[in-house]
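K.L.:
Below: one structure in structure tokens.
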Number of protein chains: 4
Amino acid sequence: MNDPSLRDVADWWATAVSRVEPDRIELRGRPVQDLIGTISFTDAIWLMLRGDTPTPGRRRLLEAALVSSVDHGPHAPSIAVARMAATCGIGLNNAVATGVNLLGDVHGGAGEQCMRMLAEIAAGADAAEVVDRWRATSRYLPGFGHRFHTVDPRRDPLLTLVEQAVTDGVVQGDYLRAAQAVERILAVGRRRPVPINIDGCTAVVYGELGFAPPLARGLFVLSRSVGILAHAWEETGQGRRNKGPIPPSILPTHLGDDPCTGEDSTPT
Amino acid sequence: MNDPSLRDVADWWATAVSRVEPDRIELRGRPVQDLIGTISFTDAIWLMLRGDTPTPGRRRLLEAALVSSVDHGPHAPSIAVARMAATCGIGLNNAVATGVNLLGDVHGGAGEQCMRMLAEIAAGADAAEVVDRWRATSRYLPGFGHRFHTVDPRRDPLLTLVEQAVTDGVVQGDYLRAAQAVERILAVGRRRPVPINIDGCTAVVYGELGFAPPLARGLFVLSRSVGILAHAWEETGQGRRNKGPIPPSILPTHLGDDPCTGEDSTPT
Amino acid sequence: MNDPSLRDVADWWATAVSRVEPDRIELRGRPVQDLIGTISFTDAIWLMLRGDTPTPGRRRLLEAALVSSVDHGPHAPSIAVARMAATCGIGLNNAVATGVNLLGDVHGGAGEQCMRMLAEIAAGADAAEVVDRWRATSRYLPGFGHRFHTVDPRRDPLLTLVEQAVTDGVVQGDYLRAAQAVERILAVGRRRPVPINIDGCTAVVYGELGFAPPLARGLFVLSRSVGILAHAWEETGQGRRNKGPIPPSILPTHLGDDPCTGEDSTPT
Amino acid sequence: MNDPSLRDVADWWATAVSRVEPDRIELRGRPVQDLIGTISFTDAIWLMLRGDTPTPGRRRLLEAALVSSVDHGPHAPSIAVARMAATCGIGLNNAVATGVNLLGDVHGGAGEQCMRMLAEIAAGADAAEVVDRWRATSRYLPGFGHRFHTVDPRRDPLLTLVEQAVTDGVVQGDYLRAAQAVERILAVGRRRPVPINIDGCTAVVYGELGFAPPLARGLFVLSRSVGILAHAWEETGQGRRNKGPIPPSILPTHLGDDPCTGEDSTPT
């Protein structure tokens, strides 16, 4: 290790996102006082992640995607845990953090994976080959199918908005066409096709708008935080303490034999 | 305990926030497909928390407050911990949750406390008496003063927007007047007055808009999540692993004597 | 602000807990290589929080308290949320953190509050007066009563161990006597008395051992983390994805009218 | 979906870890009152994860591994964020959860990966071939090398304990021999060899004890929680509010150009 300097300390926290000094706050190079009252919250999201503000057509797509994912009810683990957290004597911020923490690879993260898959097709790869390859690694194709909905009610309005945006020259349509190709492939030989789901639809929007795949998850986090907050807040008003997942009078089934110990199955 | 029924199980998770059934998603009674493409993300936030959508004048105030708090740079613990989290091999959602978890009573929660204080004054209590009482419980008056800024650059644009909204009949101005009264009291006999800070300014906005005090914290969480995400994402691109708070070549000072043991000071 | 120095940076992270330098790790002044293989994990907990290691009699009490709180089944919100988290595609560490985050003022934090109450009595205050005062601020007396158990099966073995330790001169018994006094007060005129619960029993142990009240919560966190981990790990082996709180075929009751909006009830 | 029953609800939360009913608490089939005062905290950890209690020789190894990882000072992100969290007005449980949340694939998770690698060798695969394959996927071989220590002071005492346990017939030694083989391979042709680090040493212990690889991370979480708690508690006593990562007088370097936008690099 070399001798450090104060400059090394300052550099350790170097950032282009914001500049905060006494009496000065700039976000992506723009004084915050010029932004307050002039840009929308959605513009601010775009600005912070991308460094500029969106055109009206692009903003509209981003608004739509953010609106579409805010909530999926108490069956969504992110919503349920936030409601339970709100009854345990911790802050509303802690309850929201609890919910957001669950938005992982399986719960919302599918948008990121779907975007990567669609990006391959958008870049020219054969859709059927890509689908086969992704299917080989997982029984769930990210962004397609839903355990709950036959047709996700969010699909049509989102894809229609993207189609219109392609027509209007707002976006290019590569991700939309990729997603449609995957839907067609998944429909072959099935009575009940596997439609694109909300993770897939928003992956199309975010891909068309040029966001990097990990930000599909990041934007989903911002969106779902709204529902998490609304549910945690409603729960607060219902007055329960230490809310468990089911009424206390129902006892969890006791598994007499141990199906899952910490013992390793690899030979030692 | 009485015998439970399936209805009890359904009731255990009763909610008015959303209704999610196969092929049906309603947010506060409105089908999601009617919202996508027609309302803004800020409208969706209001809808989920309040049950209706805001007038244009009220939306504008909410947008402004949400935009104003997105970021305060790496000196803000919420931002710093999210950046560090992003280097530890966890998801972007986990990094955001880590930052949001810190937005407690001292870091953002002051807005909630400030709103309660201003609500007392807005309800008719004597401002000086209220300030004295709050000061008696804490050396920090919630929503006033800043360790960093002399005048917070976010103050004037936010308060100006509220003043205009009062003039336009959008809001009533009770919280604004209460905050101004507190500022005047704090200025008496000081060369450098203690101006309202961002927690206080947004408390004014949220109070004027009729939000309950805990939602001052909740809305701050939604706003700051944007900056937390942007910083965590930037850090991801910088490639560090296990980023500590200072360069590794600087060793923390070792405190030879133990200033803070787990031992209790109460007599046993 | 003065000009900072590198010493200021080192001092910013000053600590007496550990000293970590290249090829050197000391915990509370003791080289880690001298501790590995010679002290127990419980000793290490004591060492890190207190700066020394416990006598055998004190270690035994700490072991007992830590063992007693490891789990309370899926009805405990901390356990349930960790199980749900484990199905969302996040790390086992994230699942444990999710559970630990819920151990707040209402869920485990009662130990801290109970310790403060018992400390008042241990310091000489009148027990009945103290109980009355605490009851005036909350309908739940921290550390007493249980929504689930008539007599908590953990009560007798824990209190018996403390009694023996008092007899053996290991601890002084002030917290034990305070808790017994509260139990007697709560039994007056009731057919079914309100017995001390696990939060109260462990508060007695931690108080007798001289821990500060906030560490009652801290030690509960260490203990419950074990059950949280065991449940999250078991859930991982059961293969569910996105586990909600109830089977997906049961739809949450829809509340037609809105019982809890974000609207404030204070007059504006 | 079939019609659900109350049995389905009970089964949804089925567990073999514990059985909690009114006035009854069993951990892995053993009444909690039989465990309090009779088993150590480390025994309880083993019991909850494995379903039985360890032999004295095995307990000793587990104690040693748990003791070894409790802390690595404020340079460890898990420690630093917990200290910062403790200054933000949230509970000690929330501060610990914040730290634990960071123990991901890069920060502690290496133990899990190392265990998988050693398990391959322990199962008979050629060590050099295994090392080459793992190196091909990452520039960091999990469990080997340290950015800070030349020789980790925790290495020798841990490996010596395992060697003794092999001699005593407590464990078989497959993981130990695998780790030693990897160390030899990494030493070839280097002046400064790449020694096994703490993640690797504890992976050896946990592997010898028959834990599944994900529990290497899980047990690390339990161990490091102790240091996280001790540091958060010490910080609480130092009285800072909103502690950032560096003294406030040092301003983070502003990156004039934007090195990391949210824009995707894949062609659209």
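Naming scheme: A, B, ... for chains in displayed order of the structure tokens; residues 1 onward per chain; ligands 1 onward as shown.
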Using only C-alpha atoms, find each residue in range 97-127 of chain A having at least one atom no more than 9 Å away from range 197-213 of chain A; report its shortest atom-to-atom pair and that distance in Å (one decimal), rows by chain then rising number, as a Markdown table.
P.N.:
| residue | atom | partner | partner_atom | distance |
| --- | --- | --- | --- | --- |
| A:Gly108 | CA | A:Asp199 | CA | 6.6 |
| A:Gly109 | CA | A:Asp199 | CA | 8.0 |
| A:Ala110 | CA | A:Asp199 | CA | 6.0 |
| A:Gly111 | CA | A:Asp199 | CA | 4.4 |
| A:Glu112 | CA | A:Pro213 | CA | 4.8 |
| A:Gln113 | CA | A:Pro213 | CA | 7.3 |
| A:Cys114 | CA | A:Gly200 | CA | 6.0 |
| A:Met115 | CA | A:Ala203 | CA | 5.1 |
| A:Arg116 | CA | A:Pro213 | CA | 6.2 |
| A:Leu118 | CA | A:Val204 | CA | 7.9 |
| A:Ala119 | CA | A:Gly207 | CA | 7.6 |
K.L.:
Could you write out the selected residues, including N, CA, C and O atoms, as an mmCIF file, in the first residue's frame?
P.N.:
data_model
loop_
_atom_site.group_PDB
_atom_site.id
_atom_site.type_symbol
_atom_site.label_atom_id
_atom_site.label_comp_id
_atom_site.auth_asym_id
_atom_site.auth_seq_id
_atom_site.Cartn_x
_atom_site.Cartn_y
_atom_site.Cartn_z
ATOM 1 N N GLY A 108 -39.288 -10.202 -9.419
ATOM 2 C CA GLY A 108 -39.017 -8.905 -10.031
ATOM 3 C C GLY A 108 -37.726 -8.919 -10.827
ATOM 4 O O GLY A 108 -37.594 -8.255 -11.852
ATOM 5 N N GLY A 109 -36.781 -9.706 -10.363
ATOM 6 C CA GLY A 109 -35.507 -9.804 -11.058
ATOM 7 C C GLY A 109 -35.635 -10.436 -12.434
ATOM 8 O O GLY A 109 -34.746 -10.309 -13.273
ATOM 9 N N ALA A 110 -36.774 -11.108 -12.663
ATOM 10 C CA ALA A 110 -36.969 -11.731 -13.977
ATOM 11 C C ALA A 110 -36.916 -10.692 -15.095
ATOM 12 O O ALA A 110 -36.563 -11.012 -16.232
ATOM 13 N N GLY A 111 -37.254 -9.446 -14.779
ATOM 14 C CA GLY A 111 -37.180 -8.394 -15.786
ATOM 15 C C GLY A 111 -35.769 -8.217 -16.314
ATOM 16 O O GLY A 111 -35.544 -8.079 -17.524
ATOM 17 N N GLU A 112 -34.811 -8.275 -15.390
ATOM 18 C CA GLU A 112 -33.406 -8.139 -15.791
ATOM 19 C C GLU A 112 -32.999 -9.289 -16.705
ATOM 20 O O GLU A 112 -32.382 -9.096 -17.754
ATOM 21 N N GLN A 113 -33.372 -10.499 -16.291
ATOM 22 C CA GLN A 113 -33.003 -11.672 -17.086
ATOM 23 C C GLN A 113 -33.705 -11.642 -18.448
ATOM 24 O O GLN A 113 -33.117 -11.966 -19.479
ATOM 25 N N CYS A 114 -34.975 -11.252 -18.436
ATOM 26 C CA CYS A 114 -35.723 -11.187 -19.692
ATOM 27 C C CYS A 114 -35.080 -10.185 -20.644
ATOM 28 O O CYS A 114 -34.969 -10.430 -21.844
ATOM 29 N N MET A 115 -34.648 -9.054 -20.080
ATOM 30 C CA MET A 115 -34.016 -8.046 -20.924
ATOM 31 C C MET A 115 -32.745 -8.582 -21.584
ATOM 32 O O MET A 115 -32.465 -8.293 -22.733
ATOM 33 N N ARG A 116 -31.987 -9.374 -20.830
ATOM 34 C CA ARG A 116 -30.772 -9.952 -21.410
ATOM 35 C C ARG A 116 -31.136 -10.901 -22.556
ATOM 36 O O ARG A 116 -30.475 -10.926 -23.596
ATOM 37 N N LEU A 118 -33.940 -10.881 -24.380
ATOM 38 C CA LEU A 118 -34.456 -10.122 -25.521
ATOM 39 C C LEU A 118 -33.334 -9.363 -26.231
ATOM 40 O O LEU A 118 -33.359 -9.205 -27.458
ATOM 41 N N ALA A 119 -32.337 -8.904 -25.448
ATOM 42 C CA ALA A 119 -31.220 -8.170 -26.051
ATOM 43 C C ALA A 119 -30.468 -9.058 -27.035
ATOM 44 O O ALA A 119 -30.015 -8.601 -28.092
#
K.L.:
If we count only C-alpha atoms and set the cut-off at 12 Å, which residues sit around Ala86 in chain A, ignoring sequence neighbours fewer than 2 positions away in its own chain? Please answer as a PyMOL selection string.
P.N.:
(chain A and resi 79-84+88-99+228-244) or (chain B and resi 214) or (chain C and resi 77-78+101-107)
K.L.:
Quick one: pull the distance between CA of Arg192 in chain B and CA of Thr150 in chain B, Å, one decimal.
P.N.:
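For CA of Arg192 in chain B relative to CA of Thr150 in chain B, the distance reads 8.4 Å.
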K.L.:
Neighbouring residues of Ser5 in chain A were defined as those with any atom within 9 Å, considering only C-alpha atoms; residues of the same chain fewer than 3 positions away were excluded. Please report them as a PDB file with all heavy atoms, in the first residue's frame.
P.N.:
ATOM      1  N   ASP A   8      -6.915  10.876  -2.024  1.00  0.00           N
ATOM      2  CA  ASP A   8      -7.350   9.479  -2.136  1.00  0.00           C
ATOM      3  C   ASP A   8      -8.680   9.266  -1.411  1.00  0.00           C
ATOM      4  O   ASP A   8      -9.532   8.505  -1.863  1.00  0.00           O
ATOM      5  CB  ASP A   8      -6.311   8.537  -1.527  1.00  0.00           C
ATOM      6  CG  ASP A   8      -5.020   8.497  -2.341  1.00  0.00           C
ATOM      7  OD1 ASP A   8      -5.085   8.705  -3.565  1.00  0.00           O
ATOM      8  OD2 ASP A   8      -3.952   8.287  -1.741  1.00  0.00           O
ATOM      9  N   VAL A   9      -8.811   9.941  -0.278  1.00  0.00           N
ATOM     10  CA  VAL A   9     -10.059   9.811   0.478  1.00  0.00           C
ATOM     11  C   VAL A   9     -11.222  10.405  -0.311  1.00  0.00           C
ATOM     12  O   VAL A   9     -12.302   9.810  -0.414  1.00  0.00           O
ATOM     13  CB  VAL A   9      -9.928  10.487   1.870  1.00  0.00           C
ATOM     14  CG1 VAL A   9     -11.244  10.400   2.634  1.00  0.00           C
ATOM     15  CG2 VAL A   9      -8.791   9.857   2.666  1.00  0.00           C
ATOM     16  N   ALA A  10     -10.994  11.577  -0.871  1.00  0.00           N
ATOM     17  CA  ALA A  10     -12.042  12.223  -1.676  1.00  0.00           C
ATOM     18  C   ALA A  10     -12.367  11.371  -2.905  1.00  0.00           C
ATOM     19  O   ALA A  10     -13.532  11.219  -3.294  1.00  0.00           O
ATOM     20  CB  ALA A  10     -11.609  13.626  -2.086  1.00  0.00           C
TER      21      ALA A  10
ATOM     22  N   SER C   5      -7.483  16.368   8.268  1.00  0.00           N
ATOM     23  CA  SER C   5      -6.206  15.672   8.108  1.00  0.00           C
ATOM     24  C   SER C   5      -6.475  14.183   7.970  1.00  0.00           C
ATOM     25  O   SER C   5      -7.591  13.716   8.220  1.00  0.00           O
ATOM     26  CB  SER C   5      -5.323  15.919   9.331  1.00  0.00           C
ATOM     27  OG  SER C   5      -5.884  15.258  10.451  1.00  0.00           O
ATOM     28  N   LEU C   6      -5.451  13.443   7.574  1.00  0.00           N
ATOM     29  CA  LEU C   6      -5.622  11.994   7.493  1.00  0.00           C
ATOM     30  C   LEU C   6      -5.931  11.415   8.865  1.00  0.00           C
ATOM     31  O   LEU C   6      -6.623  10.411   8.977  1.00  0.00           O
ATOM     32  CB  LEU C   6      -4.350  11.357   6.920  1.00  0.00           C
ATOM     33  CG  LEU C   6      -4.225  11.482   5.395  1.00  0.00           C
ATOM     34  CD1 LEU C   6      -2.873  10.972   4.944  1.00  0.00           C
ATOM     35  CD2 LEU C   6      -5.346  10.690   4.719  1.00  0.00           C
TER      36      LEU C   6
END
K.L.:
Hey, can you check how far CA of Phe41 in chain B sits from CA of Glu63 in chain A?
P.N.:
5.4 Å
K.L.:
One number please: CA of Val170 in chain C to CA of Ala122 in chain C, in Å, one decimal.
P.N.:
16.8 Å
K.L.:
For chain A, which of C:Ala125, C:Ala165, C:Ala76, C:Val151 is the closest residue, counting only C-alpha atoms?
P.N.:
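Looking only at the distances to chain A, the closest residue turns out to be C:Ala76.
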